[in-house]
file model-v1.txt (compact mmCIF, C-alpha atoms)
# COMPACT_ATOMS: atom_id res chain seq x y z
CA MET A 73 -7.84 22.16 -1.89
CA THR A 74 -5.12 22.67 0.68
CA SER A 75 -3.38 19.48 1.77
CA VAL A 76 -1.92 18.68 5.14
CA CYS A 77 1.54 18.55 3.61
CA GLN A 78 1.28 22.04 2.25
CA ILE A 79 0.73 23.33 5.72
CA ALA A 80 3.18 20.97 7.44
CA PRO A 81 5.43 23.84 8.57
CA PHE A 82 2.49 25.18 10.54
CA VAL A 83 1.69 21.94 12.29
CA LEU A 84 4.34 22.12 14.96
CA PRO A 85 3.53 25.59 16.25
CA PHE A 86 -0.14 24.88 16.08
CA VAL A 87 0.08 21.73 18.10
CA LEU A 88 2.28 23.42 20.62
CA CYS A 89 -0.17 26.28 20.96
CA GLY A 90 -2.16 24.01 23.21
CA GLN A 91 0.67 24.29 25.69
CA PRO A 92 0.83 27.19 28.14
CA GLY A 93 2.91 30.11 26.99
CA ILE A 94 3.22 29.06 23.36
CA ALA A 95 1.51 31.22 20.78
CA ALA A 96 -0.61 30.01 17.91
CA PRO A 97 0.66 30.43 14.32
CA THR A 98 -0.04 33.74 12.70
CA SER A 99 -0.96 32.43 9.25
CA ALA A 100 -4.69 32.81 8.82
CA SER A 101 -4.80 30.18 6.09
CA ALA A 102 -2.99 27.61 8.19
CA GLU A 103 -5.21 28.35 11.16
CA ALA A 104 -8.31 28.04 9.04
CA TYR A 105 -7.15 24.75 7.64
CA LEU A 106 -6.19 23.26 10.95
CA PHE A 107 -9.29 24.49 12.70
CA ASP A 108 -11.29 22.72 10.05
CA LYS A 109 -9.27 19.58 9.52
CA VAL A 110 -7.51 18.77 12.73
CA ALA A 111 -8.32 20.60 15.87
CA LEU A 112 -12.03 21.08 16.23
CA HIS A 113 -13.29 17.61 15.49
CA PRO A 114 -14.72 15.95 18.57
CA ARG A 115 -12.57 13.03 19.58
CA SER A 116 -13.40 9.88 21.40
CA GLY A 117 -9.84 8.75 22.01
CA PRO A 118 -7.27 9.66 24.62
CA PRO A 119 -7.99 12.78 26.68
CA ALA A 120 -7.21 15.98 24.81
CA LEU A 121 -5.40 19.00 26.11
CA VAL A 122 -7.57 22.08 26.40
CA ASP A 123 -6.33 25.52 25.54
CA SER A 124 -7.70 27.71 28.31
CA GLN A 125 -7.96 30.77 26.08
CA SER A 126 -9.77 29.34 23.09
CA GLU A 127 -11.21 26.23 24.73
CA MET A 128 -10.01 24.37 21.71
CA SER A 129 -9.18 20.67 22.06
CA VAL A 130 -5.70 19.72 20.93
CA ARG A 131 -4.30 16.21 21.03
CA PRO A 132 -0.93 15.67 22.64
CA LEU A 133 1.76 14.84 20.09
CA VAL A 134 5.47 14.13 20.24
CA SER A 135 8.33 13.59 17.77
CA PHE A 136 7.55 16.56 15.56
CA ALA A 137 10.75 16.78 13.56
CA PRO A 138 10.72 13.23 12.10
CA LEU A 139 7.00 13.59 11.44
CA ALA A 140 7.44 16.72 9.35
CA GLU A 141 10.37 15.14 7.54
CA TRP A 142 8.56 12.08 6.26
CA LEU A 143 5.40 14.02 5.53
CA HIS A 144 7.34 16.21 3.16
CA GLU A 145 8.95 13.18 1.50
CA ALA A 146 5.57 11.46 1.23
CA ALA A 147 4.02 14.52 -0.40
CA ILE A 148 6.81 14.67 -2.98
CA LYS A 149 6.45 10.98 -3.74
CA ILE A 150 2.69 11.21 -4.13
CA ASP A 151 2.98 14.32 -6.29
CA ARG A 152 5.24 12.37 -8.64
CA TYR A 153 2.33 10.05 -9.37
CA ALA A 154 0.99 12.87 -11.56
CA ASP A 155 3.33 11.36 -14.16
CA LEU A 156 1.29 8.16 -14.23
CA SER A 157 -1.28 8.51 -16.97
CA ASP A 158 -3.84 5.87 -17.88
CA ASN A 159 -2.29 2.62 -19.18
CA TRP A 160 0.87 3.27 -17.16
CA LYS A 161 0.86 -0.29 -15.86
CA GLY A 162 -0.58 -1.87 -18.97
CA PRO A 163 -3.82 -1.63 -20.95
CA GLY A 164 -6.75 -0.55 -18.77
CA SER A 165 -4.65 0.65 -15.85
CA ILE A 166 -5.56 4.05 -14.42
CA GLY A 167 -3.23 6.77 -13.20
CA PRO A 168 -3.96 8.37 -9.79
CA SER A 169 -6.12 11.46 -10.28
CA GLU A 170 -5.44 14.78 -8.56
CA ASP A 171 -8.23 13.96 -6.09
CA VAL A 172 -6.57 10.66 -5.20
CA ARG A 173 -3.19 12.31 -4.77
CA GLU A 174 -4.49 15.15 -2.60
CA GLN A 175 -6.56 12.81 -0.46
CA ALA A 176 -3.66 10.39 -0.02
CA LYS A 177 -1.51 13.28 1.20
CA GLU A 178 -4.24 14.38 3.58
CA LEU A 179 -4.57 10.84 4.90
CA ALA A 180 -0.81 10.61 5.44
CA GLY A 181 -1.00 13.88 7.32
CA GLN A 182 -3.82 12.62 9.50
CA ILE A 183 -1.85 9.51 10.39
CA ALA A 184 1.22 11.58 11.22
CA LEU A 185 -0.80 13.92 13.40
CA GLU A 186 -2.85 11.33 15.23
CA ILE A 187 -0.25 8.58 15.79
CA SER A 188 2.80 10.08 17.39
CA GLY A 189 6.11 8.61 16.32
CA ILE A 190 4.70 6.64 13.40
CA PRO A 191 7.47 5.97 10.88
CA ARG A 192 7.20 6.82 7.21
CA PRO A 193 4.82 4.74 5.10
CA ILE A 194 5.62 2.72 2.01
CA ILE A 195 3.62 4.45 -0.71
CA GLY A 196 2.30 2.76 -3.84
CA ALA A 197 -0.07 3.39 -6.75
CA ASP A 198 -2.22 0.57 -8.03
CA ASP A 199 -3.59 -0.16 -11.48
CA GLU A 200 -7.05 1.15 -10.58
CA GLY A 201 -5.84 4.64 -9.71
CA ALA A 202 -5.81 4.22 -5.93
CA ILE A 203 -2.87 4.98 -3.63
CA THR A 204 -1.82 2.72 -0.77
CA LEU A 205 0.01 3.71 2.42
CA HIS A 206 1.67 0.72 4.06
CA TRP A 207 3.53 0.17 7.33
CA SER A 208 5.40 -2.98 8.22
CA THR A 209 7.24 -3.21 11.53
CA PRO A 210 8.16 -6.26 13.62
CA GLY A 211 4.99 -5.91 15.67
CA MET A 212 2.52 -4.10 13.43
CA SER A 213 1.38 -4.10 9.84
CA ALA A 214 -1.17 -1.75 8.30
CA THR A 215 -2.37 -0.86 4.83
CA LEU A 216 -4.64 2.08 3.99
CA THR A 217 -6.06 2.64 0.50
CA ALA A 218 -7.21 6.07 -0.72
CA TYR A 219 -9.59 6.00 -3.69
CA GLY A 220 -10.18 9.67 -4.52
CA ASP A 221 -13.86 9.62 -3.55
CA GLY A 222 -13.16 11.09 -0.12
CA THR A 223 -12.87 7.70 1.56
CA PHE A 224 -10.26 5.12 2.44
CA SER A 225 -10.32 1.47 3.43
CA TYR A 226 -7.86 -0.13 5.80
CA TYR A 227 -6.54 -3.27 7.41
CA ALA A 228 -4.24 -3.14 10.43
CA GLU A 229 -2.92 -5.79 12.77
CA ASN A 230 -0.53 -6.10 15.68
CA GLN A 231 0.47 -9.07 17.78
CA GLU A 232 -2.75 -8.95 19.77
CA THR A 233 -5.53 -7.81 17.48
CA SER A 234 -6.57 -6.61 14.05
CA ASP A 235 -9.01 -4.11 12.57
CA ARG A 236 -10.54 -3.53 9.15
CA SER A 237 -12.94 -1.13 7.46
CA ASP A 238 -14.41 -0.81 3.96
CA SER A 239 -14.94 2.93 4.08
CA GLU A 240 -13.87 5.79 6.34
CA ALA A 241 -14.03 9.47 5.50
CA ILE A 242 -10.75 11.25 4.86
CA GLY A 243 -10.67 14.47 6.88
CA GLU A 244 -12.62 13.03 9.78
CA PRO A 245 -10.77 11.81 12.88
CA LEU A 246 -9.24 8.38 12.37
CA PRO A 247 -11.19 5.50 13.94
CA MET A 248 -9.81 4.90 17.41
CA SER A 249 -9.72 1.17 16.73
CA LEU A 250 -7.27 1.85 13.87
CA VAL A 251 -5.19 4.25 15.95
CA ASN A 252 -5.02 1.73 18.78
CA VAL A 253 -3.71 -1.03 16.50
CA MET A 254 -1.20 1.16 14.68
CA ALA A 255 0.11 3.02 17.72
CA VAL A 256 1.21 -0.12 19.51
CA ASP A 257 4.61 -0.44 17.95
CA THR A 258 5.81 2.89 16.69
CA SER A 259 8.92 2.80 18.87
CA LEU A 260 10.30 -0.13 16.89
CA GLY A 261 10.50 1.81 13.64
CA SER A 262 9.51 0.72 10.17
CA LEU A 263 11.36 -1.52 7.77
CA ALA A 264 11.08 1.42 5.45
CA VAL A 265 13.03 3.83 7.61
CA MET B 182 -3.02 -28.38 -7.90
CA PRO B 183 0.45 -27.18 -6.95
CA PRO B 184 1.44 -28.85 -3.66
CA ASP B 185 1.81 -26.75 -0.53
CA HIS B 186 5.60 -26.93 -0.47
CA VAL B 187 5.98 -25.43 -3.95
CA GLN B 188 7.39 -21.92 -4.21
CA LEU B 189 5.69 -19.38 -6.43
CA PHE B 190 7.28 -16.61 -8.47
CA ARG B 191 5.53 -13.29 -8.98
CA LEU B 192 6.84 -10.91 -11.63
CA LEU B 193 7.31 -7.47 -10.06
CA TRP B 194 8.53 -4.11 -11.24
CA ASN B 195 11.03 -1.93 -9.45
CA PRO B 196 10.19 0.73 -8.37
CA ASP B 197 6.47 0.51 -9.28
CA ASP B 198 5.88 -2.46 -6.97
CA ILE B 199 8.86 -2.25 -4.63
CA ASP B 200 9.87 0.43 -2.12
CA GLU B 201 13.15 1.95 -3.27
CA VAL B 202 14.50 2.45 0.25
CA SER B 203 13.60 -0.77 2.02
CA GLY B 204 12.97 -3.25 -0.78
CA VAL B 205 9.59 -4.04 0.79
CA LEU B 206 6.85 -5.10 -1.61
CA LYS B 207 3.99 -2.61 -1.91
CA PRO B 208 0.44 -3.94 -1.43
CA SER B 209 -0.48 -2.04 -4.60
CA ALA B 210 1.49 -4.70 -6.51
CA PHE B 211 -1.60 -6.90 -6.26
CA PRO B 212 -4.51 -5.57 -8.36
CA SER B 213 -7.67 -5.30 -6.29
CA GLY B 214 -9.75 -6.46 -9.26
CA GLN B 215 -7.95 -9.80 -9.13
CA LEU B 216 -8.75 -10.34 -5.46
CA ASP B 217 -12.25 -9.00 -4.89
CA GLY B 218 -14.11 -12.13 -6.02
CA ARG B 219 -16.27 -10.19 -8.46
CA SER B 220 -14.85 -11.85 -11.59
CA SER B 221 -12.81 -14.87 -12.60
CA ALA B 222 -9.62 -12.76 -12.55
CA TYR B 223 -6.66 -14.03 -10.55
CA VAL B 224 -3.15 -12.98 -9.58
CA SER B 225 -0.66 -14.54 -12.02
CA VAL B 226 2.28 -16.46 -10.60
CA ASP B 227 4.58 -19.23 -11.83
CA ARG B 228 5.50 -22.46 -10.06
CA ALA B 229 9.16 -22.06 -9.20
CA ASP B 230 9.93 -25.74 -9.86
CA MET B 231 8.65 -25.42 -13.46
CA SER B 232 9.55 -21.81 -14.17
CA ARG B 233 11.93 -21.02 -17.03
CA ARG B 234 13.88 -17.81 -17.33
CA GLU B 235 13.23 -17.35 -21.04
CA VAL B 236 9.47 -17.48 -20.44
CA MET B 237 9.62 -14.99 -17.57
CA GLU B 238 11.77 -12.67 -19.63
CA ALA B 239 9.30 -12.83 -22.50
CA ILE B 240 6.43 -11.99 -20.13
CA ALA B 241 8.42 -9.07 -18.70
CA LYS B 242 9.20 -7.79 -22.18
CA GLU B 243 5.55 -7.97 -23.18
CA GLN B 244 4.38 -6.19 -20.02
CA GLN B 245 6.96 -3.49 -20.58
CA SER B 246 5.88 -2.97 -24.18
CA LYS B 247 2.20 -2.72 -23.22
CA ALA B 248 2.72 -0.15 -20.47
CA ASP B 249 2.18 3.24 -21.99
CA GLY B 250 2.11 5.85 -19.28
CA PHE B 251 2.98 9.46 -19.96
CA ASN B 252 6.48 10.23 -18.69
CA HIS B 253 6.73 6.78 -17.12
CA LYS B 254 8.46 3.60 -18.17
CA ARG B 255 8.40 0.27 -16.40
CA PHE B 256 11.98 -0.09 -15.33
CA ALA B 257 13.44 -3.22 -13.77
CA PRO B 258 11.63 -6.60 -13.67
CA MET B 259 12.23 -8.64 -10.51
CA ILE B 260 10.94 -11.83 -8.94
CA GLY B 261 9.15 -12.10 -5.60
CA LYS B 262 8.80 -15.53 -3.98
CA MET B 263 6.13 -16.99 -1.75
CA LEU B 264 5.09 -20.46 -0.63
CA CYS B 265 1.88 -22.06 -1.87
CA ARG B 266 1.02 -23.16 1.66
CA GLU B 267 1.34 -19.64 3.04
CA VAL B 268 -1.00 -18.28 0.38
CA ARG B 269 -3.58 -20.94 1.21
CA GLU B 270 -3.29 -20.20 4.91
CA ILE B 271 -4.46 -16.60 4.53
CA LEU B 272 -7.83 -16.33 6.25
CA LEU B 273 -10.67 -13.86 5.96
CA ASP B 274 -13.01 -13.92 8.92
CA GLY B 275 -11.75 -17.38 9.84
CA ARG B 276 -12.18 -18.92 6.38
CA GLN B 277 -9.68 -19.73 3.63
CA ALA B 278 -9.54 -16.75 1.29
CA LEU B 279 -7.17 -17.76 -1.49
CA ASP B 280 -6.13 -20.87 -3.39
CA VAL B 281 -3.44 -21.54 -5.98
CA ARG B 282 -4.57 -23.29 -9.14
CA PRO B 283 -2.74 -24.26 -12.33
CA TYR B 284 -3.43 -22.27 -15.50
CA PRO B 285 -0.90 -23.43 -18.09
CA THR B 286 -0.88 -21.22 -21.17
CA ARG B 287 -0.36 -22.04 -24.84
CA ALA B 288 2.18 -20.29 -27.00
CA THR B 289 1.12 -17.09 -28.74
CA GLU B 290 2.89 -14.82 -31.21
CA ALA B 291 4.32 -12.82 -28.33
CA LEU B 292 4.80 -15.45 -25.64
CA PRO B 293 6.03 -19.04 -25.41
CA ALA B 294 3.91 -21.73 -23.78
CA ASN B 295 4.09 -21.62 -19.99
CA ASP B 296 3.32 -24.80 -18.08
CA ALA B 297 4.37 -23.13 -14.82
CA HIS B 298 1.61 -20.53 -14.91
CA CYS B 299 -0.78 -20.56 -11.93
CA GLY B 300 -3.35 -18.20 -10.47
CA ILE B 301 -3.88 -17.02 -6.91
CA GLU B 302 -7.67 -16.99 -6.75
CA ASN B 303 -10.24 -15.68 -4.35
CA VAL B 304 -12.18 -18.74 -3.09
CA PHE B 305 -14.05 -16.77 -0.44
CA GLY B 306 -16.55 -14.92 -2.65
CA LYS B 307 -17.28 -11.25 -3.19
CA ILE B 308 -15.52 -9.08 -0.65
CA GLY B 309 -15.47 -5.38 0.21
CA ARG B 310 -12.66 -2.86 -0.05
CA GLY B 311 -11.41 -3.47 3.47
CA ALA B 312 -11.06 -7.19 2.88
CA VAL B 313 -9.27 -6.56 -0.42
CA THR B 314 -6.89 -4.27 1.44
CA GLN B 315 -6.41 -7.05 4.01
CA LEU B 316 -5.53 -9.60 1.30
CA ARG B 317 -3.06 -7.21 -0.32
CA ASN B 318 -1.49 -6.54 3.07
CA LYS B 319 -1.14 -10.26 3.77
CA LEU B 320 0.25 -11.08 0.33
CA SER B 321 2.80 -8.28 0.39
CA ASN B 322 4.01 -9.46 3.80
CA LEU B 323 4.34 -13.04 2.48
CA VAL B 324 6.62 -12.26 -0.42
CA SER B 325 10.31 -12.53 0.27
CA ALA B 326 12.69 -9.75 -0.72
CA PRO B 327 12.41 -9.41 -4.52
CA MET B 328 15.40 -10.70 -6.48
CA THR B 329 16.79 -10.07 -9.93
CA PHE B 330 16.43 -12.66 -12.70
CA GLU B 331 20.12 -13.51 -12.28
CA GLU B 332 19.70 -14.10 -8.56
CA THR B 333 16.57 -16.16 -9.17
CA TYR B 334 17.62 -18.34 -12.07
CA GLY B 335 21.40 -18.18 -11.81
CA ASN B 336 23.83 -17.14 -14.50
CA ASP B 337 23.82 -20.31 -16.56
CA TYR B 338 21.29 -18.98 -19.04
call {"tool": "encode", "arguments": {"input": "model-v1.txt", "output": "structure tokens"}}
result
Amino acid sequence: MTSVCQIAPFVLPFVLCGQPGIAAPTSASAEAYLFDKVALHPRSGPPALVDSQSEMSVRPLVSFAPLAEWLHEAAIKIDRYADLSDNWKGPGSIGPSEDVREQAKELAGQIALEISGIPRPIIGADDEGAITLHWSTPGMSATLTAYGDGTFSYYAENQETSDRSDSEAIGEPLPMSLVNVMAVDTSLGSLAV
Amino acid sequence: MPPDHVQLFRLLWNPDDIDEVSGVLKPSAFPSGQLDGRSSAYVSVDRADMSRREVMEAIAKEQQSKADGFNHKRFAPMIGKMLCREVREILLDGRQALDVRPYPTRATEALPANDAHCGIENVFGKIGRGAVTQLRNKLSNLVSAPMTFEETYGNDY
């Protein structure tokens, strides 16, 4: 399974291809991935840009360089969890499986793509084999948990509201209620930066 | 019951539980199975006013010896602090979610008796994954910057 992080170098040109005069990436594999995972899902959020040639919806994004930078770091960190075998945290603890690791990377990629300017997450592995992505800024806090079954749960709050879900599909567009809570404070940066 | 003003110590591991860059506590430091209300499990903490360094060090040593992950060793034990009152003030859907109750332990072959031992318990009932994630988020935000044993107990040991 191809992860978002593996194709991170292709994200920038692809996103920009929604802009007039900028060509789409030439890599067929990257295009196939992004067509499937990012670009062609119907979205209910902010208005999308429309590429007049392909009539493909592309969401407006900014701050590409920092995004790619932390995505790469996040992927490396998550990959290192391959070293955590069962009992790593004590008897009965479970190491994150390959499915968990790949899905956590994909989820991180989705967040980076859909919430412009979001700082890097604090990444952790728990004793039940799940991986958490956590953000803590002066005005926003959010935790997402990837379980390896294709779903994640989340809790997010800002100074005005909060949102929570038991199960959302990884690979589908993020819930707009989550995006709206998390996007409120990205300019302030994360404690983790 | 530990009074609201009492501080609690949580044994943490760096870097398993703590972000190396920022020092922020990871929500994954709190096992979901100890918060989901589906068993009598609880999150172990010690009352700061009764905590003894030799006991905490024995617990850390035992946890380290029991961890047996391929290519991974638990590295540096640290202490995170939180207030009893703040734990009790965490709400789920408008209701109290957690309480702090005393669970003193007797001495075993590996560990000394620990009168300071308490548990952070789910008093809400069975909850779903999202609510567990919420409790972990809230707890991790409550804990002050983790400190070393020397910083916590001083050097007069």
call {"tool": "atom_distance", "arguments": {"input": "model-v1.txt", "atom1": "CA of Phe224 in chain A", "atom2": "CA of Val224 in chain B"}}
result
22.9 Å
call {"tool": "interface_residues", "arguments": {"input": "model-v1.txt", "of": "chain B", "to": "chain A", "cutoff": "10 Å", "atoms": "only C-alpha atoms", "output": "ChimeraX atom specification"}}
result
/B:194,196-214,243-255,308-319,321-322
call {"tool": "atom_distance", "arguments": {"input": "model-v1.txt", "atom1": "CA of Ala222 in chain B", "atom2": "CA of Glu235 in chain B"}}
result
24.8 Å
